[in-house]
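*Asks:* Structure below; questions to follow.
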Amino acid sequence: MRGKGAVAVVSRIQLQGLTRRFGAVTAVDDIGLDVADGEFLVLLGPSGCGKSTLLRMIAGLLPPSEGRLWLDDTDITHLPPQRRDVAMVFQSYALYPHLSVARNIGFPLRTRKRPRAEIKAKVAEVAATLGLTDLLDRKPRELSGGQRQRVALGRALVRDPGAFLMDEPLSNLDAKLRAGTRAEIAELHRRLRATTVYVTHDQVEAMTMATRIALLNEGRLEQLGTPSEVYDAPASVFAATFLGSPSMNVVDATVRAVDGALVAEAEGLRLSLGIDADIPDRPVRLGVRPEHLTLTSSGGQGIRAIVTAVENLGSEEVAHCDTGVSVRGPRPLGVVPGEAVTLSARPGHLHLFDHDSGRRLAWQAASVPQPV
Amino acid sequence: MVSGAFVEVPAPVRSREACAAGMTDTVPASPAPWQRVRRIAPPYLYLLPAVVLLIVWTYQPLAQTFVLSTYSWNLVPSTPMVDVGLGNYERLLSSPELGRSVWRTVIVILGMLPFTLVIPVAVALLTRRVRGRAQGVYRALVFAPMLVAPVAGAAVWQWLLDPSAGAVNRVLGTDVNWLNTAGTAQLSIIVITGWHVVGFAVLVVTAGLAGINPDYAAAAQIDGASRSQVTRWITVPLLSPTLAFLVLMTVLLSAQWTFPLIDTLTQGGPVGSTTNLYYLLWEYGFRSHDAGLAAAAGVLFFLGFIVVAALLTRLAERLSHHDD
């Protein structure tokens with residue numbers, strides 16, 4: 001048990017080959033992660049990618065089929081949840097409906113048999129931080145969604161846990177409240193510097209809050225890195241298309257050497273890769289983000305396409321083309337549906353992926369390494 | 001120099017105003033009465049069969065009971081019914097049997113609570129940890145007595161409780177005449193009725209448990225609660241609406257549940273020690289053939305149970321947490 005003002009406790013969570021099978025289905029497949037103390041790690045992925053299962057295993061609610069789990073130097077793989085020093089915020093908030101806000105927040109202290117006066121003081125302190133002081137006597141059903149969310153947060157904060165686990169805590173809030181609460185949680189993390197593992201399928205939450213993102217797909221770790229790394233250098237076609245809105249344009253192309261320089265070619269497409277080299281033709285998947293495409297006058301080198309629709313996003317516009325490619329830029333883009341356009345992109349903004357495995361391809365020159 | 005002025009951009013025209021402005025001359029004529037009937041009738045027609053059945057089988061007999069309670073009649077069709085006003089009620093309320101039977105009914109209700117509340121909660125909490133096929137087998141075993149016809153069950157229990165050769169006396173090493181001793185007869189009736197309904201109560205509690213979001217227990221565990229703390233502080237309080245329902249059922253229906261057993265095993269005896277409200281009512285009507293007195297008793301019980309049911313329902317509502 002940690003009191004207030006105690007020496008900051010280091011809480012590092014390590015996952016080693018964590019696997020969970022439900023019958024024939026492998027929900028989480030051999031995940032290894034090292035969450036450093038004070039880190040805000042976001043487990044990101046589409047529905048059913050195993051991110052919640054992984055979090056429940058860290059919480060101790062679900063025993064892993066294989067693998068080990070450490071909190072600092074303690075092996076907690078087989079420890080029941082009540083003996084792990086972690087707090088969790090549920091997607092449903094799971095506020096005890098028969099208890100008042102004060103009793104909900106104080107619950108973790110009550111289970112630890114703390115003196116009544118101490119519980120009261122601590123609850124008051126946490127409630128003040130979260131602006132819940134006036135609501136302490138209410139029952140959860142008398143609260144709005146945002147207030148419930150804060151009570152759930154308060155219940156996690158009250159005991160100074162070693163780590164926070166959050167399972168899509170913002171998914172039940174409306175868009176405006178979500179943005180505000182996102183900032184609040186990020187601020188809370190900055191202040192407490194507590195290790196946090198945060199599950200979401202929302203890429204905006206992941207990009208804005210995470211110190212690192214662990215991108216999951218079908219139970220496997222697809223990419224691990226800072227938000228900029230994951231966005232700027234996606235490790236696979238999946239990572240490339242999962243982050244970004246609209247998602248990255250990915251087309252089949254062939255890399256070939258033309259006059260000693262590499263270009264990516266496909267029907268109606270020719271883009272320079274900015275690499276002087278001579279290699280045999282290689283089929284690839286070529287990716288470029290919509291915001292990195294620019295409209296150029298017809299006839300030049302690039303992607304030739306016909307605009308099929310233009311979406312107005314307010315500050316920006318997105319033009320969708322017949323080849324499945326979309327372009328995003330400041331409004332007005334100056335194109336209308338039916339117009340033939342040529343799109344170009346800087347070589348540095350082109351991503352190449354292996355045609356079969358979908359993994360990212362990096363250019364390694366024989367002498368000087370030169371990233372694509 | 002160009003002169004000018006700012007002009008406020010008008011708000012969009014509201015659709016109702018637009019309609020009013022554009023349609024002043026096309027006010028629709030009110031539809032013909034027949035059309036209105038056709039529009040309104042279908043929901044009532046759907047309700048009609050159920051309402052007719054309720055009236056024929058429930059409300060009409062109820063009204064007839066009220067009427068019958070003011071007559072003196074011996075159930076023989078050729079005998080005239082004599083109007084006695086409130087005479088039946090006076091006779092009933094001055095009879096010492098009524099008070100005794102009410103007290104016995106209270107005993108039955110209290111005696112039933114362990115079978116409808118305590119045992120079911122314990123069994124449901126324990127069988128919750130059993131998984132897969134074994135879970136179904138457990139529940140089937142517990143529920144099986146409910147499927148035995150009460151009279152058939154009573155016959156078997158009569159053999160089991162037989163004072164000379166019964167299995168119960170042999171197992172307990174006693175020689176009690178269970179069904180013919182004033183003290184033990186009531187106990188026997190309670191235990192046999194309890195054996196009969198316990199499976200149903202387990203089923204209700206199991207359904208109640210299944211309706212509790214498992215996140216609460218998970219959250220409590222992470223908050224540091226031990227298994228018994230989760231049960232005491234989270235699961236059982238969240239189960240309270242179900243438990244209130246079971247208390248309501250027990251209070252209102254215990255005496256009814258015992259009826260087939262009393263009639264088969266003790267006929268209200270020995271010396272009236274198992275005569276509860278319902279059996280008393282039945283004795284008035286079909287042993288003494290005093291239809292008016294039985295009807296008066298029926299009316300009194302009806303009103304009494306309405307009050308009890310109203311109180312318990314209000315209690316149940318206060319206990320429910322609108323789990324959402």
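In the structure tokens, chains take the letters A, B, ... in the order shown, each chain's residues start at 1, and ligands count up from 1 in the order shown.
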May I have the residues of chain A within 9 Å of chain B, counting only C-alpha atoms, written as a PDB file with N, CA and C atoms, in the first residue's frame?

*Replies:*
```
ATOM      1  N   ALA A  59      -5.231  -7.342 -16.226  1.00  0.00           N
ATOM      2  CA  ALA A  59      -5.985  -7.058 -15.004  1.00  0.00           C
ATOM      3  C   ALA A  59      -6.130  -8.294 -14.133  1.00  0.00           C
ATOM      4  N   GLY A  60      -5.994  -9.481 -14.734  1.00  0.00           N
ATOM      5  CA  GLY A  60      -6.158 -10.707 -13.973  1.00  0.00           C
ATOM      6  C   GLY A  60      -7.558 -11.275 -14.052  1.00  0.00           C
ATOM      7  N   LEU A  61      -8.391 -10.700 -14.904  1.00  0.00           N
ATOM      8  CA  LEU A  61      -9.767 -11.181 -15.028  1.00  0.00           C
ATOM      9  C   LEU A  61      -9.847 -12.408 -15.912  1.00  0.00           C
ATOM     10  N   PRO A  80      -4.480 -13.401  -8.414  1.00  0.00           N
ATOM     11  CA  PRO A  80      -5.860 -12.952  -8.667  1.00  0.00           C
ATOM     12  C   PRO A  80      -5.909 -11.426  -8.748  1.00  0.00           C
ATOM     13  N   PRO A  81      -6.926 -10.861  -9.420  1.00  0.00           N
ATOM     14  CA  PRO A  81      -6.960  -9.419  -9.656  1.00  0.00           C
ATOM     15  C   PRO A  81      -6.844  -8.587  -8.381  1.00  0.00           C
ATOM     16  N   GLN A  82      -7.464  -9.074  -7.270  1.00  0.00           N
ATOM     17  CA  GLN A  82      -7.454  -8.250  -6.060  1.00  0.00           C
ATOM     18  C   GLN A  82      -6.061  -8.128  -5.463  1.00  0.00           C
ATOM     19  N   ARG A  83      -5.120  -8.982  -5.908  1.00  0.00           N
ATOM     20  CA  ARG A  83      -3.774  -8.883  -5.352  1.00  0.00           C
ATOM     21  C   ARG A  83      -2.788  -8.258  -6.330  1.00  0.00           C
ATOM     22  N   ARG A  84      -3.300  -7.793  -7.489  1.00  0.00           N
ATOM     23  CA  ARG A  84      -2.440  -7.050  -8.405  1.00  0.00           C
ATOM     24  C   ARG A  84      -2.654  -5.568  -8.111  1.00  0.00           C
ATOM     25  N   ASP A  85      -1.618  -4.814  -8.200  1.00  0.00           N
ATOM     26  CA  ASP A  85      -1.750  -3.400  -7.847  1.00  0.00           C
ATOM     27  C   ASP A  85      -2.148  -2.579  -9.070  1.00  0.00           C
ATOM     28  N   VAL A  86      -3.279  -2.944  -9.693  1.00  0.00           N
ATOM     29  CA  VAL A  86      -3.727  -2.190 -10.869  1.00  0.00           C
ATOM     30  C   VAL A  86      -5.175  -1.744 -10.671  1.00  0.00           C
ATOM     31  N   ALA A  87      -5.523  -0.616 -11.275  1.00  0.00           N
ATOM     32  CA  ALA A  87      -6.900  -0.136 -11.255  1.00  0.00           C
ATOM     33  C   ALA A  87      -7.398  -0.153 -12.682  1.00  0.00           C
ATOM     34  N   MET A  88      -8.707  -0.341 -12.851  1.00  0.00           N
ATOM     35  CA  MET A  88      -9.231  -0.440 -14.207  1.00  0.00           C
ATOM     36  C   MET A  88     -10.487   0.404 -14.360  1.00  0.00           C
ATOM     37  N   VAL A  89     -10.586   1.077 -15.511  1.00  0.00           N
ATOM     38  CA  VAL A  89     -11.799   1.803 -15.874  1.00  0.00           C
ATOM     39  C   VAL A  89     -12.456   1.016 -16.995  1.00  0.00           C
ATOM     40  N   PHE A  90     -13.706   0.610 -16.767  1.00  0.00           N
ATOM     41  CA  PHE A  90     -14.403  -0.237 -17.734  1.00  0.00           C
ATOM     42  C   PHE A  90     -15.130   0.608 -18.773  1.00  0.00           C
ATOM     43  N   SER A  92     -18.111   0.077 -19.704  1.00  0.00           N
ATOM     44  CA  SER A  92     -19.452   0.322 -19.159  1.00  0.00           C
ATOM     45  C   SER A  92     -19.368   1.128 -17.867  1.00  0.00           C
ATOM     46  N   TYR A  93     -18.174   1.487 -17.437  1.00  0.00           N
ATOM     47  CA  TYR A  93     -17.857   2.158 -16.169  1.00  0.00           C
ATOM     48  C   TYR A  93     -18.047   1.237 -14.982  1.00  0.00           C
ATOM     49  N   ALA A  94     -19.033   0.302 -15.068  1.00  0.00           N
ATOM     50  CA  ALA A  94     -19.281  -0.651 -13.983  1.00  0.00           C
ATOM     51  C   ALA A  94     -19.373   0.032 -12.633  1.00  0.00           C
ATOM     52  N   LEU A  95     -20.056   1.169 -12.565  1.00  0.00           N
ATOM     53  CA  LEU A  95     -20.297   1.806 -11.263  1.00  0.00           C
ATOM     54  C   LEU A  95     -21.321   0.965 -10.535  1.00  0.00           C
ATOM     55  N   TYR A  96     -21.065   0.700  -9.239  1.00  0.00           N
ATOM     56  CA  TYR A  96     -21.986  -0.137  -8.492  1.00  0.00           C
ATOM     57  C   TYR A  96     -23.302   0.621  -8.347  1.00  0.00           C
ATOM     58  N   PRO A  97     -24.389   0.127  -8.964  1.00  0.00           N
ATOM     59  CA  PRO A  97     -25.612   0.935  -9.059  1.00  0.00           C
ATOM     60  C   PRO A  97     -26.294   1.171  -7.724  1.00  0.00           C
ATOM     61  N   HIS A  98     -26.007   0.333  -6.714  1.00  0.00           N
ATOM     62  CA  HIS A  98     -26.700   0.482  -5.444  1.00  0.00           C
ATOM     63  C   HIS A  98     -25.930   1.360  -4.474  1.00  0.00           C
ATOM     64  N   PHE A 107     -14.882   2.579  -2.595  1.00  0.00           N
ATOM     65  CA  PHE A 107     -14.939   1.109  -2.554  1.00  0.00           C
ATOM     66  C   PHE A 107     -13.566   0.438  -2.465  1.00  0.00           C
ATOM     67  N   PRO A 108     -12.594   0.850  -3.297  1.00  0.00           N
ATOM     68  CA  PRO A 108     -11.285   0.183  -3.227  1.00  0.00           C
ATOM     69  C   PRO A 108     -10.614   0.334  -1.868  1.00  0.00           C
ATOM     70  N   LEU A 109     -10.911   1.431  -1.156  1.00  0.00           N
ATOM     71  CA  LEU A 109     -10.326   1.619   0.173  1.00  0.00           C
ATOM     72  C   LEU A 109     -11.082   0.778   1.195  1.00  0.00           C
ATOM     73  N   ARG A 110     -12.412   0.629   0.975  1.00  0.00           N
ATOM     74  CA  ARG A 110     -13.228  -0.171   1.886  1.00  0.00           C
ATOM     75  C   ARG A 110     -12.774  -1.631   1.846  1.00  0.00           C
ATOM     76  N   THR A 111     -12.456  -2.130   0.650  1.00  0.00           N
ATOM     77  CA  THR A 111     -12.003  -3.520   0.568  1.00  0.00           C
ATOM     78  C   THR A 111     -10.660  -3.693   1.261  1.00  0.00           C
ATOM     79  N   ARG A 112      -9.915  -2.597   1.389  1.00  0.00           N
ATOM     80  CA  ARG A 112      -8.616  -2.682   2.053  1.00  0.00           C
ATOM     81  C   ARG A 112      -8.727  -2.367   3.534  1.00  0.00           C
ATOM     82  N   ARG A 141     -27.295   6.190 -11.300  1.00  0.00           N
ATOM     83  CA  ARG A 141     -28.337   6.391 -12.304  1.00  0.00           C
ATOM     84  C   ARG A 141     -28.760   7.860 -12.405  1.00  0.00           C
ATOM     85  N   ARG A 155     -12.725   6.298  -8.964  1.00  0.00           N
ATOM     86  CA  ARG A 155     -12.592   5.023  -8.268  1.00  0.00           C
ATOM     87  C   ARG A 155     -11.223   4.399  -8.545  1.00  0.00           C
ATOM     88  N   ALA A 156     -10.706   4.670  -9.761  1.00  0.00           N
ATOM     89  CA  ALA A 156      -9.383   4.141 -10.097  1.00  0.00           C
ATOM     90  C   ALA A 156      -8.279   4.956  -9.415  1.00  0.00           C
ATOM     91  N   ARG A 159      -6.886   5.001  -5.006  1.00  0.00           N
ATOM     92  CA  ARG A 159      -5.974   4.141  -4.253  1.00  0.00           C
ATOM     93  C   ARG A 159      -4.539   4.231  -4.720  1.00  0.00           C
TER      94      ARG A 159
END
```

*Asks:* Within stretch 260-334 of chain A, find each residue whose DSSP state, derived from the backbone, is strand (DSSP E), and express the selection as a PyMOL selection string.

*Replies:* chain A and resi 261-266+269-276+282-288+294-296+303-312+316-321+326-330

*Asks:* Got a sec: who's within 8 Å of B:Tyr279, counting only C-alpha atoms, leaving out chain neighbours fewer than 5 positions off, as a ChimeraX atom specification?

*Replies:* /B:259,262,268

*Asks:* Only C-alpha atoms, please: the residues just picked out, written as an mmCIF file, in the first residue's frame.

*Replies:*
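Resulting contents of again.cif:
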```cif
data_model
loop_
_atom_site.group_PDB
_atom_site.id
_atom_site.type_symbol
_atom_site.label_atom_id
_atom_site.label_comp_id
_atom_site.auth_asym_id
_atom_site.auth_seq_id
_atom_site.Cartn_x
_atom_site.Cartn_y
_atom_site.Cartn_z
ATOM 1 C CA PHE B 259 -53.030 -26.958 -0.210
ATOM 2 C CA ILE B 262 -52.535 -30.695 3.309
ATOM 3 C CA GLY B 268 -56.053 -29.819 8.021
#
```

*Asks:* Write out as a list in words each polymer residue whose atoms come within 6 Å of stretch 110-115 of chain B, counting only C-alpha atoms; drop sequence neighbours fewer than 3 positions from it.

*Replies:*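 Contacts, with the query itself left out: Ile107, Val118, Ile119, Gly194 and Val198 of chain B.
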
*Asks:* For the residues selected in the previous step, produce a file with N, CA, C and O atoms as a PDB file, in the first residue's frame.

*Replies:*
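The resulting part_27.pdb:
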```
ATOM      1  N   ILE B 107     -46.901 -18.757   9.974  1.00  0.00           N
ATOM      2  CA  ILE B 107     -45.874 -19.770  10.260  1.00  0.00           C
ATOM      3  C   ILE B 107     -45.419 -20.439   8.958  1.00  0.00           C
ATOM      4  O   ILE B 107     -44.222 -20.623   8.705  1.00  0.00           O
ATOM      5  N   VAL B 118     -33.149 -18.585   1.148  1.00  0.00           N
ATOM      6  CA  VAL B 118     -31.803 -18.883   1.642  1.00  0.00           C
ATOM      7  C   VAL B 118     -31.152 -19.994   0.811  1.00  0.00           C
ATOM      8  O   VAL B 118     -30.078 -19.810   0.231  1.00  0.00           O
ATOM      9  N   ILE B 119     -31.837 -21.141   0.724  1.00  0.00           N
ATOM     10  CA  ILE B 119     -31.260 -22.275  -0.015  1.00  0.00           C
ATOM     11  C   ILE B 119     -31.061 -21.912  -1.495  1.00  0.00           C
ATOM     12  O   ILE B 119     -29.984 -22.150  -2.048  1.00  0.00           O
ATOM     13  N   GLY B 194     -41.577 -27.022   0.646  1.00  0.00           N
ATOM     14  CA  GLY B 194     -40.281 -26.412   0.336  1.00  0.00           C
ATOM     15  C   GLY B 194     -39.501 -27.256  -0.651  1.00  0.00           C
ATOM     16  O   GLY B 194     -38.960 -26.741  -1.634  1.00  0.00           O
ATOM     17  N   VAL B 198     -38.372 -25.475  -4.154  1.00  0.00           N
ATOM     18  CA  VAL B 198     -37.012 -24.951  -4.060  1.00  0.00           C
ATOM     19  C   VAL B 198     -36.352 -24.867  -5.445  1.00  0.00           C
ATOM     20  O   VAL B 198     -35.624 -23.921  -5.753  1.00  0.00           O
TER      21      VAL B 198
END
```

*Asks:* What is the distance between atom CA of A:Leu18 and atom CA of A:Leu44, in Å to one decimal?

*Replies:*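 So the answer is 16.7 Å.
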
*Asks:* Residues within 9 Å of A:Asp174, please, as a list in words. Count only C-alpha atoms; anything in the same chain fewer than 5 positions from it doesn't count.

*Replies:*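 Counting only the stated atoms, we get Gly145, Gly146 and Ala179 of chain A.
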
*Asks:* Selected residues, C-alpha atoms, written as an mmCIF file, in the first residue's frame, please.

*Replies:*
```
data_model
loop_
_atom_site.group_PDB
_atom_site.id
_atom_site.type_symbol
_atom_site.label_atom_id
_atom_site.label_comp_id
_atom_site.auth_asym_id
_atom_site.auth_seq_id
_atom_site.Cartn_x
_atom_site.Cartn_y
_atom_site.Cartn_z
ATOM 1 C CA GLY A 145 -22.540 9.935 -19.058
ATOM 2 C CA GLY A 146 -19.643 12.297 -18.514
ATOM 3 C CA ALA A 179 -12.647 15.502 -26.897
#
```

*Asks:* Work out how far atom CA of A:Val123 is from atom CA of A:Ile105, in Å to one decimal.

*Replies:* 6.3 Å

*Asks:* Write out as a list in words which residues come within 6 Å of A:Leu71 when counting only C-alpha atoms, dropping same-chain ones fewer than 3 positions away.

*Replies:* Arg12, Ile13 and Thr74 of chain A

*Asks:* Rank A:Leu343, A:Leu350, A:Arg178, A:Glu184 by their smallest atom-to-atom distance to A:Val250, using only C-alpha atoms, and report the top residue only.

*Replies:*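 Answer, going by the shortest atom-to-atom distance: A:Leu350.
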
*Asks:* Within 12 Å of B:Thr313, counting only C-alpha atoms, which residues qualify if same-chain residues fewer than 3 places away don't, as a count of residues only?

*Replies:* 22

*Asks:* Enumerate, as a PyMOL selection string, the complete set of residues in stretch 153-254 of chain A that a backbone-based DSSP assignment places in helix (DSSP H, G or I).

*Replies:* chain A and resi 153-157+175-192+203-209+227-232+237-242
